[in-house]
Amino acid sequence: MELISILLDWFPYLLRGIGVTFGLVLSSLGLGVIIGLPMALGQVYGSRLVRVPIGIYVWFFRGLPILVLLFLFYFGIFPGLGFDLSAFVVGAVVLGLRGAAYQSQIFRGAIQSVGEGQMVAAQSLGMDRLCAVRSIILPQSMRIALPGWSNEYPNILTDSAVCYAIGVAELLTRASQIVAQTYVTMPIYLAAAGIFILMNYGGMKVLHMIERKIAIPGFGSGAM
Amino acid sequence: MHTDEYILKVEDIHKAFGANEVLRGVSFEVKKGETLVFIGSSGTGKSTLLRCINQLTPPDRGRVWLHGEEVTNSGKRINYFRQRIGMVFQNFFLFDHLTALKNVEVALIRVKGMSKEEAREKALAELRQVGMEDWAGHYPAELSGGQAQRVSIARALAMDPDVILFDEPTSALDPELTREVLEVMRTLAQQGMTMLVVTHEMGFACNVANRILFMEHGVIAEQGAPGVLLNDPQYSRVKNFIGQFLEYNGD
Ligand SMILES: Nc1ncnc2c1ncn2[C@@H]1O[C@H](COP(=O)(O)OP(=O)(O)OP(=O)(O)O)[C@@H](O)[C@H]1O
Ligand SMILES: [Mg+2]
């Protein structure tokens, strides 16, 4: 069976795409939190001077197709600034910056949904606003945000395949390379699709586990 | 100067929201261990007055003094004063993501800088004081309104405040639960806690208050000891007001 031997030969190469795809996803979720959460806080608690630039950022990254963003950064902005970055790094950064724009709005909604009384009660005990945000508002809003934030995972995972366009060696890119080499089409793309689906399933399982672990009776995701 | 005689001094407080003049010059003084009860119809500025005292709502004019130190215009030091002025809210405002114990602990750790062990011990003692020690591990959503309010009283007590402000602490509660909260408050008053209480519970006002302050249109219209207000014909307005409530409550 020639087909099976081709598949076996090339499968490890395809599998190594999992790590790359996962790296793109992690970057998007990671930068989503690292950049998106401070942006959300800025939008809720900041002055106009803080809110306006954040608003423009969010508007920009949500307003453009990913492909446009990728080309813009890969062929335009980064080279223009003198950065010689690999396709993977550019893909990871662009997905991350874009993720931050989307995820900041999830965090913002969650922060705003925490009742005003929580801040008032914290302040009445002598906490300053920063302390209240850290020890009262954020622990609550993060729990509220988690289900919505988890739902970004499948979106980001599927979006990550766009990095094919700038040649990041993620799953789809590798599948296409194998197809070009072997002229075996359906089985290879099916294998790639299968891997995407498994990654989707596995990731959601982990995220739901975390949701259950930090659930609090009558509160946030635990109550719904 | 006899400022030290008074724990709290409120001087000519004014507050307007836009064109709505809610407080129009409120002054009074509170001695250590006194319980003052504020009564008056809805919208006369009782909540606003309490919130002006700890600056949750900064007044437009007037001053507040705690132990002779100015609370108004105190800048960042307001957080120090807020530790010394406890507050209990109509809707409890317990921290929803924390157990009863942690609700009491959190400010001890984050504001007072206590160690976890110290805070825990103190928090358990305060919960015991309000009869909620057995519920220490429960979340707010698992508590009845009366239990939640008792936890919020423990949370305020834990800071060892000089005075506690109660804004209609039982208005969100059934009569049964109201009783258990009022009982805790009565005990506190007997133990010498200084308290400012906004309430419609006239039984509590008449039995526990050292002074009742009747508010009307943003000023204190009449005030005095309950016995005096109820018996002296000079205070007809407040007597009528209290009378209405006693009738409605049927007792
Ligand atoms: N943050 C605010 N912004 C605008 N108006 C306010 C604000 N807080 C209170 N008010 C107004 O001030 C007036 C007095 O309110 P306040 O809550 O102090 O009255 P109250 O005596 O506590 O009444 P109640 O018995 O209903 O609690 C009301 O007309 C209210 O609408
Ligand atoms: Mg009120």
# chains A, B, ... in the order shown; residues from 1 in each chain; ligands from 1
$ interface_residues --of "chain A" --to "chain B" --cutoff "10 Å" --atoms "only C-alpha atoms" --output "JSON, numbers by chain"
{"A": [114, 115, 116, 117, 118, 119, 120, 121, 122, 123, 124, 125, 126, 127, 128, 129, 131, 132, 135, 136, 137, 139, 140, 141, 143, 215, 216, 217, 218, 219, 220, 223]}
$ select_by_dssp --residues "segment 40-193 of chain A" --states "alpha helix (DSSP H)" --output "PyMOL selection string"
chain A and resi 40-45+48-63+66-71+78-80+87-113+116-124+129-132+138-150+152-159+171-182+186-193
$ residues_near_ligand --ligand "ligand 2" --cutoff "9 Å" --atoms "only C-alpha atoms and all ligand atoms" --output "number ranges by chain"
B: 42-48, 50, 90, 167-168, 198-199
$ write_last_selection --atoms "C-alpha atoms" --output "mmCIF file, in the first residue's frame"
data_model
loop_
_atom_site.group_PDB
_atom_site.id
_atom_site.type_symbol
_atom_site.label_atom_id
_atom_site.label_comp_id
_atom_site.auth_asym_id
_atom_site.auth_seq_id
_atom_site.Cartn_x
_atom_site.Cartn_y
_atom_site.Cartn_z
ATOM 1 C CA SER B 42 -37.555 58.896 51.298
ATOM 2 C CA GLY B 43 -35.318 61.315 49.439
ATOM 3 C CA THR B 44 -34.561 63.620 52.362
ATOM 4 C CA GLY B 45 -30.843 62.914 52.040
ATOM 5 C CA LYS B 46 -30.184 60.357 54.785
ATOM 6 C CA SER B 47 -28.026 58.075 52.635
ATOM 7 C CA THR B 48 -26.272 61.040 51.110
ATOM 8 C CA LEU B 50 -23.873 59.039 55.651
ATOM 9 C CA GLN B 90 -28.864 48.126 52.779
ATOM 10 C CA ASP B 167 -27.712 52.781 55.962
ATOM 11 C CA GLU B 168 -31.071 51.045 56.302
ATOM 12 C CA VAL B 198 -30.590 55.270 59.182
ATOM 13 C CA THR B 199 -33.645 53.101 59.638
#
$ residues_around --residues "Trp149 of chain A" --least-positions-apart "2" --cutoff "9 Å" --atoms "only C-alpha atoms" --output "MDAnalysis selection string"
chainID A and resid 29 103 106:107 145:147 151:153
$ residues_around --residues "Leu7 of chain A" --least-positions-apart "4" --cutoff "9 Å" --atoms "only C-alpha atoms" --output "PyMOL selection string"
chain A and resi 2-3+11+184+187-188
$ residues_around --residues "Ser27 of chain A" --least-positions-apart "2" --cutoff "9 Å" --atoms "only C-alpha atoms" --output "ChimeraX atom specification"
/A:22-25,29-32,92-93,95-96,99
$ residues_around --residues "Val68 of chain A" --least-positions-apart "3" --cutoff "12 Å" --atoms "only C-alpha atoms" --output "list in words"
Phe60, Phe61, Arg62, Gly63, Leu64, Pro65, Phe71, Leu72, Phe73, Tyr74, Phe75, Gly76, Ile77, Gly91, Val94, Leu95, Arg98, Val162, Cys163, Ala165 and Ile166 of chain A
$ select_by_dssp --residues "segment 76-183 of chain B" --states "strand (DSSP E or B)" --output "PDB file with N, CA, C and O atoms, in the first residue's frame"
ATOM      1  N   ILE B  85     -14.048  54.570  60.085  1.00  0.00           N
ATOM      2  CA  ILE B  85     -15.495  54.804  59.970  1.00  0.00           C
ATOM      3  C   ILE B  85     -16.089  53.637  59.193  1.00  0.00           C
ATOM      4  O   ILE B  85     -16.000  53.582  57.981  1.00  0.00           O
ATOM      5  N   GLY B  86     -16.671  52.694  59.887  1.00  0.00           N
ATOM      6  CA  GLY B  86     -17.229  51.524  59.209  1.00  0.00           C
ATOM      7  C   GLY B  86     -18.538  51.863  58.525  1.00  0.00           C
ATOM      8  O   GLY B  86     -19.165  52.880  58.820  1.00  0.00           O
ATOM      9  N   MET B  87     -18.924  51.025  57.558  1.00  0.00           N
ATOM     10  CA  MET B  87     -20.210  51.276  56.900  1.00  0.00           C
ATOM     11  C   MET B  87     -20.906  49.961  56.586  1.00  0.00           C
ATOM     12  O   MET B  87     -20.281  49.009  56.129  1.00  0.00           O
ATOM     13  N   VAL B  88     -22.205  49.949  56.837  1.00  0.00           N
ATOM     14  CA  VAL B  88     -23.029  48.776  56.549  1.00  0.00           C
ATOM     15  C   VAL B  88     -24.150  49.223  55.623  1.00  0.00           C
ATOM     16  O   VAL B  88     -24.799  50.234  55.878  1.00  0.00           O
ATOM     17  N   VAL B 163     -16.510  54.397  64.740  1.00  0.00           N
ATOM     18  CA  VAL B 163     -17.947  54.616  64.558  1.00  0.00           C
ATOM     19  C   VAL B 163     -18.377  53.781  63.342  1.00  0.00           C
ATOM     20  O   VAL B 163     -17.594  53.564  62.424  1.00  0.00           O
ATOM     21  N   ILE B 164     -19.600  53.292  63.380  1.00  0.00           N
ATOM     22  CA  ILE B 164     -20.119  52.553  62.221  1.00  0.00           C
ATOM     23  C   ILE B 164     -21.377  53.250  61.719  1.00  0.00           C
ATOM     24  O   ILE B 164     -22.249  53.636  62.513  1.00  0.00           O
ATOM     25  N   LEU B 165     -21.451  53.427  60.390  1.00  0.00           N
ATOM     26  CA  LEU B 165     -22.620  54.015  59.751  1.00  0.00           C
ATOM     27  C   LEU B 165     -23.478  52.884  59.178  1.00  0.00           C
ATOM     28  O   LEU B 165     -22.972  52.044  58.434  1.00  0.00           O
ATOM     29  N   PHE B 166     -24.724  52.865  59.540  1.00  0.00           N
ATOM     30  CA  PHE B 166     -25.644  51.842  59.023  1.00  0.00           C
ATOM     31  C   PHE B 166     -26.672  52.533  58.127  1.00  0.00           C
ATOM     32  O   PHE B 166     -27.432  53.364  58.608  1.00  0.00           O
ATOM     33  N   ASP B 167     -26.717  52.192  56.855  1.00  0.00           N
ATOM     34  CA  ASP B 167     -27.712  52.781  55.962  1.00  0.00           C
ATOM     35  C   ASP B 167     -28.839  51.784  55.702  1.00  0.00           C
ATOM     36  O   ASP B 167     -28.720  50.908  54.860  1.00  0.00           O
TER      37      ASP B 167
END
$ atom_distance --atom1 "atom CA of Glu183 of chain B" --atom2 "atom CA of Asp134 of chain B"
18.2 Å
$ decode --residues "segment 116-214 of chain B" --atoms "C-alpha atoms" --output "PDB file, in the first residue's frame"
ATOM      1  CA  LYS B 116      -3.007  35.618  57.200  1.00  0.00           C
ATOM      2  CA  GLU B 117      -3.115  33.865  60.565  1.00  0.00           C
ATOM      3  CA  GLU B 118      -3.753  37.052  62.513  1.00  0.00           C
ATOM      4  CA  ALA B 119      -6.480  38.121  60.087  1.00  0.00           C
ATOM      5  CA  ARG B 120      -8.110  34.723  60.233  1.00  0.00           C
ATOM      6  CA  GLU B 121      -8.262  34.719  63.998  1.00  0.00           C
ATOM      7  CA  LYS B 122      -9.635  38.236  64.115  1.00  0.00           C
ATOM      8  CA  ALA B 123     -12.192  37.475  61.389  1.00  0.00           C
ATOM      9  CA  LEU B 124     -13.412  34.358  63.175  1.00  0.00           C
ATOM     10  CA  ALA B 125     -13.786  36.335  66.387  1.00  0.00           C
ATOM     11  CA  GLU B 126     -15.878  38.958  64.600  1.00  0.00           C
ATOM     12  CA  LEU B 127     -18.026  36.299  62.959  1.00  0.00           C
ATOM     13  CA  ARG B 128     -18.555  34.738  66.381  1.00  0.00           C
ATOM     14  CA  GLN B 129     -19.657  38.109  67.702  1.00  0.00           C
ATOM     15  CA  VAL B 130     -22.478  38.248  65.120  1.00  0.00           C
ATOM     16  CA  GLY B 131     -23.304  34.550  65.437  1.00  0.00           C
ATOM     17  CA  MET B 132     -21.934  33.593  62.023  1.00  0.00           C
ATOM     18  CA  GLU B 133     -18.855  31.577  62.935  1.00  0.00           C
ATOM     19  CA  ASP B 134     -20.423  28.323  61.727  1.00  0.00           C
ATOM     20  CA  TRP B 135     -20.972  29.886  58.305  1.00  0.00           C
ATOM     21  CA  ALA B 136     -17.401  31.059  57.846  1.00  0.00           C
ATOM     22  CA  GLY B 137     -16.799  28.814  54.839  1.00  0.00           C
ATOM     23  CA  HIS B 138     -19.954  29.768  52.962  1.00  0.00           C
ATOM     24  CA  TYR B 139     -20.243  32.140  50.017  1.00  0.00           C
ATOM     25  CA  PRO B 140     -22.619  35.135  50.037  1.00  0.00           C
ATOM     26  CA  ALA B 141     -24.981  33.392  47.608  1.00  0.00           C
ATOM     27  CA  GLU B 142     -25.410  30.633  50.175  1.00  0.00           C
ATOM     28  CA  LEU B 143     -26.471  32.980  52.981  1.00  0.00           C
ATOM     29  CA  SER B 144     -29.891  34.366  53.887  1.00  0.00           C
ATOM     30  CA  GLY B 145     -30.212  38.137  53.825  1.00  0.00           C
ATOM     31  CA  GLY B 146     -30.019  38.315  57.591  1.00  0.00           C
ATOM     32  CA  GLN B 147     -26.912  36.167  57.661  1.00  0.00           C
ATOM     33  CA  ALA B 148     -25.308  38.193  54.897  1.00  0.00           C
ATOM     34  CA  GLN B 149     -26.007  41.424  56.756  1.00  0.00           C
ATOM     35  CA  ARG B 150     -24.504  40.011  59.938  1.00  0.00           C
ATOM     36  CA  VAL B 151     -21.371  39.058  58.008  1.00  0.00           C
ATOM     37  CA  SER B 152     -21.174  42.578  56.607  1.00  0.00           C
ATOM     38  CA  ILE B 153     -21.432  43.930  60.161  1.00  0.00           C
ATOM     39  CA  ALA B 154     -18.584  41.607  61.159  1.00  0.00           C
ATOM     40  CA  ARG B 155     -16.598  42.908  58.191  1.00  0.00           C
ATOM     41  CA  ALA B 156     -17.059  46.484  59.390  1.00  0.00           C
ATOM     42  CA  LEU B 157     -16.322  45.566  63.021  1.00  0.00           C
ATOM     43  CA  ALA B 158     -13.085  43.814  62.090  1.00  0.00           C
ATOM     44  CA  MET B 159     -11.441  47.132  61.268  1.00  0.00           C
ATOM     45  CA  ASP B 160     -11.986  48.221  64.893  1.00  0.00           C
ATOM     46  CA  PRO B 161     -13.737  51.392  63.742  1.00  0.00           C
ATOM     47  CA  ASP B 162     -14.458  54.344  65.999  1.00  0.00           C
ATOM     48  CA  VAL B 163     -17.947  54.616  64.558  1.00  0.00           C
ATOM     49  CA  ILE B 164     -20.119  52.553  62.221  1.00  0.00           C
ATOM     50  CA  LEU B 165     -22.620  54.015  59.751  1.00  0.00           C
ATOM     51  CA  PHE B 166     -25.644  51.842  59.023  1.00  0.00           C
ATOM     52  CA  ASP B 167     -27.712  52.781  55.962  1.00  0.00           C
ATOM     53  CA  GLU B 168     -31.071  51.045  56.302  1.00  0.00           C
ATOM     54  CA  PRO B 169     -29.424  47.772  57.295  1.00  0.00           C
ATOM     55  CA  THR B 170     -32.709  45.877  57.503  1.00  0.00           C
ATOM     56  CA  SER B 171     -34.739  47.404  54.675  1.00  0.00           C
ATOM     57  CA  ALA B 172     -33.990  44.505  52.348  1.00  0.00           C
ATOM     58  CA  LEU B 173     -34.949  41.885  54.931  1.00  0.00           C
ATOM     59  CA  ASP B 174     -38.070  39.991  56.016  1.00  0.00           C
ATOM     60  CA  PRO B 175     -39.344  40.828  59.512  1.00  0.00           C
ATOM     61  CA  GLU B 176     -37.852  37.628  60.895  1.00  0.00           C
ATOM     62  CA  LEU B 177     -34.407  38.366  59.506  1.00  0.00           C
ATOM     63  CA  THR B 178     -34.744  42.018  60.467  1.00  0.00           C
ATOM     64  CA  ARG B 179     -35.002  40.943  64.091  1.00  0.00           C
ATOM     65  CA  GLU B 180     -31.756  38.943  64.063  1.00  0.00           C
ATOM     66  CA  VAL B 181     -29.848  41.886  62.564  1.00  0.00           C
ATOM     67  CA  LEU B 182     -31.382  44.431  64.948  1.00  0.00           C
ATOM     68  CA  GLU B 183     -30.492  42.151  67.823  1.00  0.00           C
ATOM     69  CA  VAL B 184     -26.833  42.213  66.767  1.00  0.00           C
ATOM     70  CA  MET B 185     -26.967  46.000  66.473  1.00  0.00           C
ATOM     71  CA  ARG B 186     -28.609  46.392  69.864  1.00  0.00           C
ATOM     72  CA  THR B 187     -25.841  44.283  71.415  1.00  0.00           C
ATOM     73  CA  LEU B 188     -23.219  46.423  69.728  1.00  0.00           C
ATOM     74  CA  ALA B 189     -24.836  49.556  71.081  1.00  0.00           C
ATOM     75  CA  GLN B 190     -24.878  48.069  74.563  1.00  0.00           C
ATOM     76  CA  GLN B 191     -21.205  47.190  74.248  1.00  0.00           C
ATOM     77  CA  GLY B 192     -20.474  50.841  73.653  1.00  0.00           C
ATOM     78  CA  MET B 193     -20.006  50.955  69.879  1.00  0.00           C
ATOM     79  CA  THR B 194     -20.678  54.395  68.437  1.00  0.00           C
ATOM     80  CA  MET B 195     -23.288  54.063  65.719  1.00  0.00           C
ATOM     81  CA  LEU B 196     -25.160  56.226  63.212  1.00  0.00           C
ATOM     82  CA  VAL B 197     -28.180  54.361  61.963  1.00  0.00           C
ATOM     83  CA  VAL B 198     -30.590  55.270  59.182  1.00  0.00           C
ATOM     84  CA  THR B 199     -33.645  53.101  59.638  1.00  0.00           C
ATOM     85  CA  HIS B 200     -37.402  52.925  59.465  1.00  0.00           C
ATOM     86  CA  GLU B 201     -37.468  50.516  62.417  1.00  0.00           C
ATOM     87  CA  MET B 202     -39.126  52.769  64.972  1.00  0.00           C
ATOM     88  CA  GLY B 203     -38.977  50.127  67.677  1.00  0.00           C
ATOM     89  CA  PHE B 204     -35.211  50.082  67.389  1.00  0.00           C
ATOM     90  CA  ALA B 205     -35.078  53.880  67.194  1.00  0.00           C
ATOM     91  CA  CYS B 206     -37.143  54.348  70.332  1.00  0.00           C
ATOM     92  CA  ASN B 207     -35.474  51.633  72.371  1.00  0.00           C
ATOM     93  CA  VAL B 208     -31.827  51.830  71.360  1.00  0.00           C
ATOM     94  CA  ALA B 209     -31.147  55.365  70.159  1.00  0.00           C
ATOM     95  CA  ASN B 210     -29.678  57.951  72.474  1.00  0.00           C
ATOM     96  CA  ARG B 211     -30.951  60.522  70.059  1.00  0.00           C
ATOM     97  CA  ILE B 212     -33.302  60.485  67.102  1.00  0.00           C
ATOM     98  CA  LEU B 213     -32.614  62.971  64.318  1.00  0.00           C
ATOM     99  CA  PHE B 214     -35.571  63.657  62.079  1.00  0.00           C
TER     100      PHE B 214
END
